[in-house]
file run-v7.txt (compact mmCIF, C-alpha atoms and all ligand atoms)
# COMPACT_ATOMS: atom_id res chain seq x y z
CA MET H 84 -54.39 -236.38 -29.38
CA THR H 85 -55.91 -238.03 -32.45
CA ASP H 86 -53.85 -237.83 -35.63
CA VAL H 87 -55.40 -237.40 -39.07
CA LEU H 88 -54.12 -238.79 -42.37
CA ALA H 89 -55.35 -236.77 -45.38
CA VAL H 90 -54.78 -238.09 -48.91
CA ALA H 91 -54.33 -235.60 -51.76
CA ASP H 92 -56.01 -235.95 -55.15
CA HIS H 93 -54.50 -235.18 -58.55
CA ARG H 94 -54.96 -235.94 -62.23
CA GLN H 95 -52.84 -235.45 -65.31
CA GLY H 96 -50.06 -233.67 -63.43
CA SER H 97 -52.28 -231.19 -61.54
CA LEU H 98 -53.51 -231.15 -57.99
CA ARG H 99 -57.30 -230.96 -57.76
CA ASP H 100 -58.69 -227.95 -55.89
CA VAL H 101 -60.29 -230.33 -53.43
CA SER H 102 -56.80 -231.28 -52.18
CA PHE H 103 -56.45 -227.74 -50.82
CA GLU H 104 -59.97 -227.86 -49.35
CA LEU H 105 -59.06 -231.19 -47.76
CA VAL H 106 -56.25 -229.50 -45.84
CA THR H 107 -58.75 -227.00 -44.40
CA ALA H 108 -61.17 -229.76 -43.37
CA ALA H 109 -58.40 -231.91 -41.87
CA THR H 110 -56.77 -228.94 -40.09
CA LYS H 111 -60.07 -228.15 -38.40
CA LEU H 112 -60.17 -231.76 -37.19
CA THR H 113 -56.65 -231.70 -35.75
CA GLU H 114 -57.43 -228.40 -34.06
CA GLN H 115 -60.28 -230.20 -32.31
CA THR H 116 -58.34 -233.40 -31.51
CA GLY H 117 -55.00 -231.79 -30.71
CA GLY H 118 -53.29 -234.35 -32.99
CA ASP H 119 -51.05 -233.99 -36.02
CA LEU H 120 -52.10 -233.66 -39.65
CA HIS H 121 -50.23 -236.07 -41.93
CA LEU H 122 -50.72 -235.38 -45.61
CA LEU H 123 -50.06 -238.16 -48.09
CA ILE H 124 -49.26 -237.61 -51.77
CA ILE H 125 -49.19 -240.72 -53.94
CA GLY H 126 -47.82 -240.50 -57.46
CA GLY H 127 -47.50 -237.59 -59.88
CA PRO H 128 -44.70 -235.00 -59.55
CA VAL H 129 -44.57 -235.58 -55.80
CA GLU H 130 -41.91 -232.96 -54.98
CA GLU H 131 -43.81 -230.21 -56.78
CA PHE H 132 -47.08 -231.31 -55.14
CA ALA H 133 -45.43 -231.40 -51.70
CA GLU H 134 -44.28 -227.81 -52.20
CA LYS H 135 -47.77 -226.68 -53.23
CA LEU H 136 -49.47 -228.50 -50.37
CA ASN H 137 -47.09 -227.24 -47.70
CA LEU H 138 -49.90 -225.19 -46.22
CA GLN H 139 -50.88 -223.89 -42.80
CA GLY H 140 -52.02 -226.72 -40.55
CA VAL H 141 -50.05 -229.56 -42.18
CA ASP H 142 -47.48 -231.14 -39.83
CA VAL H 143 -45.85 -233.76 -42.06
CA ILE H 144 -46.10 -234.46 -45.79
CA TYR H 145 -45.42 -238.02 -46.92
CA THR H 146 -44.72 -238.78 -50.55
CA VAL H 147 -44.97 -242.10 -52.36
CA ASP H 148 -43.21 -241.71 -55.70
CA GLU H 149 -45.08 -244.47 -57.51
CA GLY H 150 -46.57 -243.80 -60.97
CA MET H 151 -47.85 -240.55 -62.49
CA GLU H 152 -51.56 -241.26 -62.32
CA PHE H 153 -54.06 -242.70 -59.89
CA ASN H 154 -53.93 -246.45 -59.39
CA HIS H 155 -56.43 -248.29 -57.20
CA ASP H 156 -54.07 -250.96 -55.86
CA ILE H 157 -51.15 -248.62 -55.23
CA TYR H 158 -53.38 -246.15 -53.40
CA VAL H 159 -54.95 -248.83 -51.20
CA GLN H 160 -51.54 -250.26 -50.27
CA ALA H 161 -49.90 -246.88 -49.71
CA VAL H 162 -52.72 -245.42 -47.60
CA THR H 163 -53.04 -248.49 -45.39
CA GLN H 164 -49.25 -248.72 -44.90
CA VAL H 165 -48.87 -245.04 -44.02
CA TYR H 166 -51.99 -245.06 -41.82
CA GLU H 167 -50.50 -247.85 -39.74
CA ALA H 168 -46.99 -246.35 -39.71
CA VAL H 169 -48.10 -242.93 -38.44
CA ALA H 170 -50.73 -244.39 -36.09
CA ALA H 171 -53.42 -242.00 -37.29
CA GLU H 172 -57.06 -242.48 -36.29
CA TYR H 173 -58.88 -240.79 -39.14
CA VAL H 174 -58.34 -241.06 -42.89
CA VAL H 175 -59.80 -238.14 -44.84
CA ALA H 176 -59.86 -238.05 -48.64
CA PRO H 177 -61.80 -236.23 -51.37
CA ASN H 178 -65.13 -237.67 -52.50
CA SER H 179 -63.81 -237.52 -56.04
CA VAL H 180 -63.81 -240.07 -58.84
CA ASN H 181 -60.49 -241.40 -57.49
CA GLY H 182 -61.62 -241.21 -53.88
CA LEU H 183 -64.80 -243.15 -54.53
CA ASP H 184 -62.69 -245.77 -56.28
CA TYR H 185 -60.12 -246.60 -53.59
CA VAL H 186 -61.36 -245.21 -50.25
CA PRO H 187 -63.99 -247.94 -49.63
CA ALA H 188 -61.24 -250.53 -50.22
CA VAL H 189 -59.04 -248.73 -47.65
CA ALA H 190 -61.87 -248.82 -45.08
CA ASN H 191 -62.44 -252.49 -45.86
CA THR H 192 -58.74 -253.38 -45.58
CA LEU H 193 -58.40 -251.50 -42.28
CA ASN H 194 -61.78 -252.80 -41.10
CA LEU H 195 -62.95 -249.25 -40.28
CA PRO H 196 -66.33 -247.53 -40.70
CA LEU H 197 -66.66 -245.32 -43.78
CA ALA H 198 -68.73 -242.15 -44.25
CA THR H 199 -68.75 -240.66 -47.74
CA ASP H 200 -69.53 -237.22 -49.17
CA ALA H 201 -69.22 -235.31 -45.89
CA ILE H 202 -70.20 -231.65 -45.88
CA GLY H 203 -69.28 -231.15 -42.21
CA LEU H 204 -66.87 -232.79 -39.76
CA ASP H 205 -66.64 -232.41 -35.99
CA ALA H 206 -64.37 -234.34 -33.66
CA ASN H 207 -65.25 -234.50 -30.01
CA ASP H 208 -63.53 -236.90 -27.59
CA ALA H 209 -63.48 -240.22 -29.45
CA THR H 210 -66.49 -239.41 -31.63
CA LEU H 211 -66.38 -238.06 -35.16
CA THR H 212 -69.64 -236.42 -36.23
CA VAL H 213 -70.07 -236.39 -39.98
CA THR H 214 -72.74 -234.26 -41.65
CA ARG H 215 -74.07 -235.60 -44.96
CA GLU H 216 -76.93 -234.64 -47.23
CA MET H 217 -79.72 -236.91 -48.32
CA TYR H 218 -82.69 -236.73 -50.68
CA GLY H 219 -80.94 -234.37 -53.08
CA GLY H 220 -79.93 -231.94 -50.36
CA LYS H 221 -83.39 -231.66 -48.78
CA VAL H 222 -82.23 -233.26 -45.53
CA ALA H 223 -78.93 -233.02 -43.64
CA THR H 224 -78.06 -235.98 -41.42
CA THR H 225 -75.42 -236.30 -38.74
CA ASN H 226 -73.64 -239.60 -38.33
CA GLU H 227 -71.58 -240.36 -35.24
CA LEU H 228 -68.55 -242.60 -35.71
CA ASP H 229 -66.88 -243.85 -32.55
CA GLY H 230 -63.16 -244.47 -32.75
CA PRO H 231 -61.04 -244.66 -35.90
CA ALA H 232 -62.85 -243.96 -39.17
CA VAL H 233 -62.50 -243.20 -42.87
CA VAL H 234 -64.27 -240.23 -44.43
CA THR H 235 -64.55 -238.67 -47.88
CA ILE H 236 -65.37 -234.98 -48.14
CA ARG H 237 -67.42 -233.21 -50.79
CA GLY H 238 -65.61 -230.68 -52.97
CA ALA H 239 -66.30 -226.94 -52.58
CA GLU H 240 -67.63 -227.29 -49.02
CA TRP H 241 -64.48 -226.01 -47.28
CA PRO H 242 -62.35 -223.04 -48.40
CA MET H 243 -58.97 -223.81 -49.90
CA ALA H 244 -56.15 -223.78 -47.31
CA GLU H 245 -53.48 -221.13 -47.64
CA GLY H 246 -49.75 -221.22 -47.38
CA PRO H 247 -47.02 -221.14 -46.59
CA GLY H 248 -46.82 -223.95 -44.06
CA THR H 249 -43.95 -225.43 -42.10
CA ALA H 250 -44.47 -229.14 -42.72
CA SER H 251 -41.53 -231.50 -43.00
CA VAL H 252 -41.52 -233.64 -46.15
CA LYS H 253 -40.69 -237.35 -45.91
CA THR H 254 -40.38 -239.98 -48.60
CA VAL H 255 -42.23 -243.13 -47.63
CA ASP H 256 -40.28 -246.36 -47.67
CA PHE H 257 -43.12 -247.98 -49.57
CA SER H 258 -43.20 -251.69 -50.27
CA LEU H 259 -45.44 -252.36 -53.25
CA ASP H 260 -46.82 -255.82 -53.86
CA GLU H 261 -46.44 -255.66 -57.66
CA GLY H 262 -48.39 -258.89 -58.12
CA SER H 263 -51.52 -257.29 -56.67
CA VAL H 264 -51.58 -254.38 -59.12
CA GLY H 265 -54.38 -255.42 -61.45
CA SER H 266 -54.70 -252.30 -63.62
CA ARG H 267 -52.71 -249.32 -64.90
CA VAL H 268 -53.81 -246.02 -66.43
CA THR H 269 -52.47 -246.02 -69.97
CA GLY H 270 -53.85 -242.66 -71.12
CA PHE H 271 -56.77 -240.27 -71.14
CA ARG H 272 -59.33 -239.81 -73.87
CA GLU H 273 -61.59 -236.78 -73.78
CA THR H 274 -65.34 -237.36 -73.92
CA THR H 275 -67.66 -235.33 -76.15
CA GLY H 276 -67.69 -231.68 -75.19
CA GLY H 277 -64.09 -231.06 -76.11
CA GLY H 278 -62.71 -231.91 -72.70
CA VAL H 279 -64.11 -228.73 -71.15
CA ASP H 280 -63.95 -228.92 -67.37
CA ILE H 281 -66.63 -226.53 -66.04
CA SER H 282 -65.37 -227.08 -62.48
CA GLU H 283 -62.18 -225.20 -63.39
CA ALA H 284 -63.89 -222.15 -65.00
CA ASP H 285 -63.68 -218.68 -63.43
CA VAL H 286 -66.84 -217.40 -65.11
CA LEU H 287 -69.77 -219.65 -66.01
CA VAL H 288 -72.70 -218.63 -68.17
CA SER H 289 -75.23 -221.28 -67.21
CA ILE H 290 -78.44 -221.85 -69.09
CA GLY H 291 -81.67 -223.57 -68.08
CA ARG H 292 -85.02 -224.54 -69.51
CA GLY H 293 -85.96 -220.86 -69.85
CA ILE H 294 -83.97 -220.82 -73.11
CA ASP H 295 -86.90 -222.69 -74.63
CA GLU H 296 -85.35 -223.83 -77.95
CA GLU H 297 -81.95 -225.19 -78.89
CA GLU H 298 -81.44 -222.51 -81.55
CA ASN H 299 -81.77 -219.83 -78.84
CA LEU H 300 -78.46 -221.02 -77.38
CA ALA H 301 -76.84 -218.72 -79.95
CA ILE H 302 -77.44 -215.66 -77.71
CA ILE H 303 -75.84 -217.52 -74.78
CA ARG H 304 -72.78 -218.36 -76.88
CA GLU H 305 -72.43 -214.69 -77.86
CA LEU H 306 -72.56 -213.58 -74.22
CA ALA H 307 -70.09 -216.29 -73.17
CA GLU H 308 -67.71 -215.20 -75.90
CA VAL H 309 -67.61 -211.52 -74.92
CA LEU H 310 -67.16 -212.51 -71.27
CA ASP H 311 -64.54 -215.11 -72.13
CA ALA H 312 -66.73 -217.45 -70.07
CA THR H 313 -67.52 -221.16 -70.18
CA ILE H 314 -71.05 -222.39 -70.86
CA SER H 315 -72.72 -224.74 -68.40
CA CYS H 316 -76.35 -225.74 -67.90
CA SER H 317 -79.06 -227.36 -65.85
CA ARG H 318 -80.10 -230.95 -66.39
CA PRO H 319 -83.05 -230.45 -68.79
CA ILE H 320 -80.63 -228.93 -71.32
CA VAL H 321 -78.52 -232.10 -71.22
CA ASP H 322 -81.60 -234.32 -71.26
CA SER H 323 -82.74 -232.50 -74.42
CA GLY H 324 -79.36 -233.24 -76.01
CA TRP H 325 -78.59 -229.52 -76.49
CA LEU H 326 -75.34 -229.63 -74.49
CA PRO H 327 -73.16 -232.57 -73.46
CA LYS H 328 -73.30 -234.11 -70.00
CA ASN H 329 -69.95 -232.62 -68.95
CA ARG H 330 -71.64 -229.17 -68.97
CA GLN H 331 -74.25 -230.11 -66.37
CA VAL H 332 -74.08 -228.41 -62.97
CA GLY H 333 -75.66 -230.10 -59.98
CA GLN H 334 -76.14 -233.17 -57.90
CA SER H 335 -75.91 -235.54 -60.85
CA GLY H 336 -73.58 -233.19 -62.73
CA LYS H 337 -70.55 -231.27 -61.55
CA VAL H 338 -69.85 -229.11 -58.51
CA VAL H 339 -68.57 -225.70 -59.62
CA THR H 340 -67.07 -222.78 -57.69
CA PRO H 341 -66.48 -219.99 -60.23
CA ASP H 342 -65.90 -216.34 -59.36
CA VAL H 343 -69.12 -215.51 -61.22
CA TYR H 344 -72.05 -217.82 -61.99
CA LEU H 345 -74.73 -216.45 -64.31
CA ALA H 346 -77.89 -218.54 -63.90
CA ILE H 347 -80.03 -217.73 -66.92
CA GLY H 348 -83.55 -219.17 -67.06
CA ILE H 349 -82.72 -221.61 -64.26
CA SER H 350 -85.27 -222.03 -61.44
CA GLY H 351 -82.79 -223.11 -58.75
CA ALA H 352 -84.00 -226.62 -57.90
CA VAL H 353 -82.13 -228.15 -54.93
CA GLN H 354 -80.39 -230.61 -57.23
CA HIS H 355 -79.02 -227.72 -59.30
CA VAL H 356 -78.12 -225.49 -56.35
CA ALA H 357 -76.15 -228.39 -54.79
CA GLY H 358 -73.67 -227.93 -57.62
CA MET H 359 -73.24 -224.14 -57.68
CA LYS H 360 -73.97 -222.70 -54.26
CA GLY H 361 -70.23 -222.32 -53.60
CA SER H 362 -69.87 -219.75 -56.42
CA ASP H 363 -68.40 -216.43 -55.27
CA ALA H 364 -71.03 -214.25 -56.98
CA ILE H 365 -74.33 -215.53 -58.33
CA VAL H 366 -76.25 -213.52 -60.91
CA ALA H 367 -79.73 -214.80 -61.75
CA ILE H 368 -81.85 -213.75 -64.70
CA ASN H 369 -85.42 -214.96 -64.36
CA THR H 370 -88.94 -213.83 -65.21
CA ASP H 371 -90.22 -215.35 -61.97
CA PRO H 372 -89.29 -213.23 -58.93
CA ASP H 373 -90.22 -216.16 -56.68
CA ALA H 374 -87.90 -218.67 -58.35
CA PRO H 375 -85.65 -220.20 -55.63
CA ILE H 376 -82.52 -219.08 -57.51
CA MET H 377 -83.52 -215.45 -56.80
CA ASP H 378 -83.15 -216.11 -53.05
CA ILE H 379 -79.54 -217.24 -53.28
CA ALA H 380 -78.49 -214.77 -56.00
CA ASP H 381 -76.20 -211.87 -55.12
CA TYR H 382 -77.71 -210.02 -58.10
CA ALA H 383 -81.24 -211.00 -59.14
CA ILE H 384 -82.40 -209.63 -62.51
CA HIS H 385 -86.16 -210.03 -62.70
CA ASP H 386 -86.66 -209.84 -66.45
CA ASP H 387 -86.89 -211.76 -69.72
CA LEU H 388 -83.60 -213.40 -70.69
CA PHE H 389 -84.28 -212.68 -74.35
CA ASP H 390 -84.08 -208.94 -73.52
CA VAL H 391 -81.38 -209.06 -70.83
CA VAL H 392 -78.84 -211.40 -72.46
CA PRO H 393 -78.42 -209.44 -75.75
CA ALA H 394 -78.28 -206.19 -73.73
CA LEU H 395 -75.52 -207.62 -71.52
CA THR H 396 -73.60 -208.84 -74.57
CA GLU H 397 -73.79 -205.38 -76.11
CA GLN H 398 -72.66 -203.71 -72.88
CA PHE H 399 -69.70 -206.04 -72.38
CA GLN H 400 -68.69 -205.68 -76.02
P1 LIG I 1 -87.05 -225.18 -64.73
O1 LIG I 1 -87.17 -225.63 -63.32
O2 LIG I 1 -88.16 -225.50 -65.66
O3 LIG I 1 -86.84 -223.60 -64.66
C1 LIG I 1 -86.82 -222.77 -65.79
C2 LIG I 1 -86.74 -221.35 -65.26
O4 LIG I 1 -86.63 -220.45 -66.35
C3 LIG I 1 -87.97 -220.93 -64.46
O5 LIG I 1 -87.57 -220.41 -63.19
C4 LIG I 1 -88.61 -219.82 -65.32
O6 LIG I 1 -89.20 -218.81 -64.53
C5 LIG I 1 -87.41 -219.30 -66.08
N1 LIG I 1 -87.76 -218.71 -67.36
C6 LIG I 1 -88.60 -219.18 -68.30
N2 LIG I 1 -88.61 -218.35 -69.38
C7 LIG I 1 -87.76 -217.34 -69.09
C8 LIG I 1 -87.32 -216.18 -69.81
N3 LIG I 1 -87.76 -215.92 -71.03
N4 LIG I 1 -86.45 -215.35 -69.22
C9 LIG I 1 -85.98 -215.62 -67.95
N5 LIG I 1 -86.33 -216.69 -67.24
C10 LIG I 1 -87.22 -217.55 -67.80
N6 LIG I 1 -80.96 -230.59 -62.22
C11 LIG I 1 -79.78 -229.97 -62.49
O7 LIG I 1 -79.75 -228.84 -62.98
N7 LIG I 1 -78.60 -230.61 -62.21
C12 LIG I 1 -78.54 -231.84 -61.65
O8 LIG I 1 -77.43 -232.36 -61.44
C13 LIG I 1 -79.78 -232.50 -61.34
N8 LIG I 1 -79.76 -233.72 -60.79
C14 LIG I 1 -80.96 -234.28 -60.44
C15 LIG I 1 -80.95 -235.51 -59.77
C16 LIG I 1 -82.15 -236.09 -59.41
C17 LIG I 1 -82.12 -237.39 -58.67
C18 LIG I 1 -83.37 -235.46 -59.72
C19 LIG I 1 -84.67 -236.06 -59.32
C20 LIG I 1 -83.39 -234.26 -60.40
C21 LIG I 1 -82.19 -233.66 -60.78
N9 LIG I 1 -82.17 -232.44 -61.45
C22 LIG I 1 -80.97 -231.83 -61.69
C23 LIG I 1 -83.40 -231.81 -61.98
C24 LIG I 1 -83.94 -230.72 -61.09
O9 LIG I 1 -84.82 -231.25 -60.14
C25 LIG I 1 -84.72 -229.66 -61.91
O10 LIG I 1 -85.75 -230.31 -62.62
C26 LIG I 1 -83.85 -228.90 -62.90
O11 LIG I 1 -82.71 -228.36 -62.25
C27 LIG I 1 -84.67 -227.75 -63.51
O12 LIG I 1 -83.92 -227.14 -64.50
P2 LIG I 1 -84.21 -225.63 -64.93
O13 LIG I 1 -84.05 -224.74 -63.76
O14 LIG I 1 -83.41 -225.36 -66.14
O15 LIG I 1 -85.73 -225.72 -65.40
call {"tool": "encode", "arguments": {"input": "run-v7.txt", "output": "structure tokens"}}
result
Amino acid sequence: MTDVLAVADHRQGSLRDVSFELVTAATKLTEQTGGDLHLLIIGGPVEEFAEKLNLQGVDVIYTVDEGMEFNHDIYVQAVTQVYEAVAAEYVVAPNSVNGLDYVPAVANTLNLPLATDAIGLDANDATLTVTREMYGGKVATTNELDGPAVVTIRGAEWPMAEGPGTASVKTVDFSLDEGSVGSRVTGFRETTGGGVDISEADVLVSIGRGIDEEENLAIIRELAEVLDATISCSRPIVDSGWLPKNRQVGQSGKVVTPDVYLAIGISGAVQHVAGMKGSDAIVAINTDPDAPIMDIADYAIHDDLFDVVPALTEQFQ
């Protein structure tokens, strides 16, 4: 009967999708251990978040009404206090920017082993088996953690949990050591790229090296406009300075899960696929029928993008 403490992730007043995926991953664990799933929400509009995260599988939701944005010291203190209060064995959190910031400190404070970026979790007796990828997704490893442990999970690996649930909601009697809070978020400033978040897009028109020249991006912009889609790209496009870094999909870019992902002139290298394989429908346009992207595409168009893209734009118009 091993209990699990899952910690939600949010930014600028919105829950991240990975918080809903976290519930699925943690529910699967409690189904295996027979324990309870405790879900912790720290900061932000906690009541609204608790309502949204009252999903199937969650037994108790704990809220810590402390600040609107992520704060390293508050998160470390809140997670360790709640972990000890509920006597959970496993802490599970997203492998997000926030998660990578505070979760190692939680593991350190609790003196527990930490496994990051999990793509699979299995609990059996007192052993937690964590599947992780290495070498840019070429190898999957399994790591066995005996006893209590802390884990971060990769986004877009588990489906989002659904509601409604029947969890009770409790406010944590949290004692904050104010003196230990060394930093505060004072605001957000968008980076170049106009603050576009490709991970939130429903339709992505993604372009790769097949576009050949920067000026050819014009046909991609036209297609994106008629589809009301967001433009993303593979790494060489960012390396060439044709699109900003926040448009890059992949291992060293962003993980995306749109309804439709159009991969145009993209070969489908493992580092790219790591970022888009969770898309609902993948459409690939490529002159090479043997390009790896053609194997994972739901619709593979074996043709020249300079013919196909303008034709698609015309059709959708
Ligand atoms: P290419 O592999 O050159 O493919 C171009 C494709 O366009 C080919 O399949 C070709 O057949 C097709 N093509 C050419 N002309 C046309 C045409 N006229 N019409 C239709 N199709 C055409 N890459 C990422 O994307 N994201 C990452 O996050 C990332 N991280 C990395 C991290 C590491 C540590 C390393 C080592 C690499 C990383 N890479 C990443 C790079 C990755 O290995 C590939 O080099 C890259 O994804 C290739 O991009 P591409 O598919 O656009 O280019």
call {"tool": "closest_atom_pairs", "arguments": {"input": "run-v7.txt", "of": "chain H", "to": "ligand LIG 1 (chain I)", "cutoff": "8 Å", "atoms": "all atoms listed in the file", "output": "tab-separated table"}}
result
residue	atom	partner	partner_atom	distance
H:Gly219	CA	I:LIG1	C17	6.5
H:Ile290	CA	I:LIG1	O14	6.8
H:Gly291	CA	I:LIG1	O14	3.2
H:Arg292	CA	I:LIG1	O14	3.8
H:Gly293	CA	I:LIG1	C6	3.5
H:Ile294	CA	I:LIG1	N2	6.4
H:Asp295	CA	I:LIG1	N2	7.0
H:Cys316	CA	I:LIG1	O7	6.7
H:Ser317	CA	I:LIG1	O7	3.3
H:Arg318	CA	I:LIG1	O7	4.0
H:Pro319	CA	I:LIG1	O12	5.5
H:Ile320	CA	I:LIG1	O14	6.9
H:Gln331	CA	I:LIG1	N7	6.0
H:Val332	CA	I:LIG1	N7	5.1
H:Gly333	CA	I:LIG1	O8	3.2
H:Gln334	CA	I:LIG1	O8	3.9
H:Ser335	CA	I:LIG1	O8	3.6
H:Gly336	CA	I:LIG1	O8	4.1
H:Lys337	CA	I:LIG1	O8	7.0
H:Ile347	CA	I:LIG1	N5	6.4
H:Gly348	CA	I:LIG1	O4	3.4
H:Ile349	CA	I:LIG1	O13	3.4
H:Ser350	CA	I:LIG1	O5	3.3
H:Gly351	CA	I:LIG1	O13	5.4
H:Ala352	CA	I:LIG1	O11	4.9
H:Val353	CA	I:LIG1	O9	6.6
H:Gln354	CA	I:LIG1	C13	4.6
H:His355	CA	I:LIG1	O7	3.9
H:Val356	CA	I:LIG1	O7	7.6
H:Ala357	CA	I:LIG1	O8	7.8
H:Gly358	CA	I:LIG1	O8	7.0
H:Ile368	CA	I:LIG1	C9	5.6
H:Asn369	CA	I:LIG1	N5	3.5
H:Thr370	CA	I:LIG1	N5	4.4
H:Asp371	CA	I:LIG1	O6	4.4
H:Pro372	CA	I:LIG1	O6	7.9
H:Ala374	CA	I:LIG1	O5	5.2
H:Pro375	CA	I:LIG1	O5	7.8
H:Ile376	CA	I:LIG1	O5	7.7
H:His385	CA	I:LIG1	C9	7.7
H:Asp386	CA	I:LIG1	C9	6.0
H:Asp387	CA	I:LIG1	N4	3.7
H:Leu388	CA	I:LIG1	N4	3.8
H:Phe389	CA	I:LIG1	N3	5.8
call {"tool": "closest_atom_pairs", "arguments": {"input": "run-v7.txt", "of": "range 239-291 of chain H", "to": "range 92-105 of chain H", "cutoff": "10 Å", "atoms": "all atoms listed in the file", "output": "tab-separated table"}}
result
residue	atom	partner	partner_atom	distance
H:Ala239	CA	H:Val101	CA	7.0
H:Glu240	CA	H:Glu104	CA	7.7
H:Trp241	CA	H:Glu104	CA	5.3
H:Pro242	CA	H:Glu104	CA	5.5
H:Met243	CA	H:Glu104	CA	4.2
H:Ala244	CA	H:Phe103	CA	5.3
H:Glu245	CA	H:Phe103	CA	7.9
H:Gly246	CA	H:Phe103	CA	10.0
H:Gly270	CA	H:Gln95	CA	9.3
H:Phe271	CA	H:Gln95	CA	8.5
H:Ser282	CA	H:Asp100	CA	9.4
H:Glu283	CA	H:Asp100	CA	8.7
call {"tool": "closest_atom_pairs", "arguments": {"input": "run-v7.txt", "of": "range 231-325 of chain H", "to": "range 183-205 of chain H", "cutoff": "8 Å", "atoms": "all atoms listed in the file", "output": "tab-separated table"}}
result
residue	atom	partner	partner_atom	distance
H:Pro231	CA	H:Leu195	CA	6.6
H:Ala232	CA	H:Pro196	CA	5.2
H:Val233	CA	H:Leu197	CA	4.8
H:Val234	CA	H:Ala198	CA	4.9
H:Thr235	CA	H:Thr199	CA	4.6
H:Ile236	CA	H:Ala201	CA	4.5
H:Arg237	CA	H:Asp200	CA	4.8
H:Glu240	CA	H:Ile202	CA	6.0
call {"tool": "closest_residue", "arguments": {"input": "run-v7.txt", "among": "H:Met84, H:Ala161, H:Val106, H:Ala284", "to": "Ile125 in chain H", "atoms": "all atoms listed in the file"}}
result
H:Ala161
call {"tool": "build_atoms", "arguments": {"input": "run-v7.txt", "residues": "range 229-233 of chain H", "atoms": "all heavy atoms", "output": "mmCIF file, in the coordinates of the input"}}
result
data_model
loop_
_atom_site.group_PDB
_atom_site.id
_atom_site.type_symbol
_atom_site.label_atom_id
_atom_site.label_comp_id
_atom_site.auth_asym_id
_atom_site.auth_seq_id
_atom_site.Cartn_x
_atom_site.Cartn_y
_atom_site.Cartn_z
ATOM 1 N N ASP H 229 -67.694 -243.732 -33.756
ATOM 2 C CA ASP H 229 -66.880 -243.850 -32.550
ATOM 3 C C ASP H 229 -65.560 -244.523 -32.884
ATOM 4 O O ASP H 229 -65.554 -245.585 -33.477
ATOM 5 C CB ASP H 229 -67.631 -244.652 -31.478
ATOM 6 C CG ASP H 229 -68.867 -243.908 -31.007
ATOM 7 O OD1 ASP H 229 -68.805 -242.664 -30.942
ATOM 8 O OD2 ASP H 229 -69.888 -244.558 -30.738
ATOM 9 N N GLY H 230 -64.481 -243.889 -32.511
ATOM 10 C CA GLY H 230 -63.160 -244.470 -32.750
ATOM 11 C C GLY H 230 -62.675 -244.184 -34.152
ATOM 12 O O GLY H 230 -63.214 -243.325 -34.853
ATOM 13 N N PRO H 231 -61.631 -244.915 -34.585
ATOM 14 C CA PRO H 231 -61.040 -244.660 -35.900
ATOM 15 C C PRO H 231 -62.058 -244.772 -37.032
ATOM 16 O O PRO H 231 -62.976 -245.590 -36.951
ATOM 17 C CB PRO H 231 -59.972 -245.754 -36.017
ATOM 18 C CG PRO H 231 -59.674 -246.148 -34.616
ATOM 19 C CD PRO H 231 -60.945 -245.981 -33.848
ATOM 20 N N ALA H 232 -61.870 -243.965 -38.074
ATOM 21 C CA ALA H 232 -62.850 -243.960 -39.170
ATOM 22 C C ALA H 232 -62.231 -243.409 -40.448
ATOM 23 O O ALA H 232 -61.188 -242.754 -40.421
ATOM 24 C CB ALA H 232 -64.057 -243.112 -38.778
ATOM 25 N N VAL H 233 -62.912 -243.687 -41.550
ATOM 26 C CA VAL H 233 -62.500 -243.200 -42.870
ATOM 27 C C VAL H 233 -63.628 -242.333 -43.415
ATOM 28 O O VAL H 233 -64.799 -242.718 -43.337
ATOM 29 C CB VAL H 233 -62.230 -244.392 -43.822
ATOM 30 C CG1 VAL H 233 -61.765 -243.891 -45.184
ATOM 31 C CG2 VAL H 233 -61.198 -245.342 -43.230
#
